[in-house]
Every structure is written in C-alpha cells, then in structure tokens.
Amino acid sequence: MRFPPLGETRKKRFAPTLEKALTLLDDKLLPSTSHAVERGNRRYRKMQKHVYRVRTQVQISARLALDMWREAQAEGRQQTLASLHQARAG
C-alpha cells in the first residue's frame, strides 16, 4: 500500500464497533447529553476507578452495603421532604 497510515485509518472507519456506536448516536429517541454532563460523568468514573483500585475486598463490600442501605432509606426520606415542602407551601 502506498500510504500505510491511511490504510489503518480506513480499517478503523469500517470497524463493527464504530458502526454500532454511530447507530446508537443516530437514535432519535435517545436524548442528547451536554458536554458538562459528560465531563461530570467522566470525572466520576475516574474517581471511582481510583477509589476501587486502593480498596480491599472487605472495604468494597462494606461500601456496597452502606450504599444499598442508603438507597433503602431514600424512599422514606423523599416522602418526608415532600410532606415538609407541602406543609411549608401551605
């Protein structure tokens, strides 16, 4: 081939993963996300990667248990907040 870097680029362009990604991005039913949201998600993923790299299995299990407990408590907390807001509104 006369231009090897161009051949590599063409291979990537016709890769099946790129085709799937483009199909997903073209989906009109999916809402678009802003760059700020994407940056926040990327920052969160990076932080989680760092956190889980230095934690032991016992610490990870304890953290998951705490997160699950907080989720279980969230519904009652939401009801309490809603009633407080309603009482304040009159």
# chains A, B, ... in the order shown; residues from 1 in each chain; ligands from 1
call {"tool": "select_by_dssp", "arguments": {"residues": "chain A", "states": "alpha helix (DSSP H)", "output": "number ranges by chain"}}
result
A: 4-13, 16-25, 35-54, 57-89
call {"tool": "atom_distance", "arguments": {"atom1": "CA of Ser34 in chain A", "atom2": "CA of Ala82 in chain A"}}
result
29.1 Å
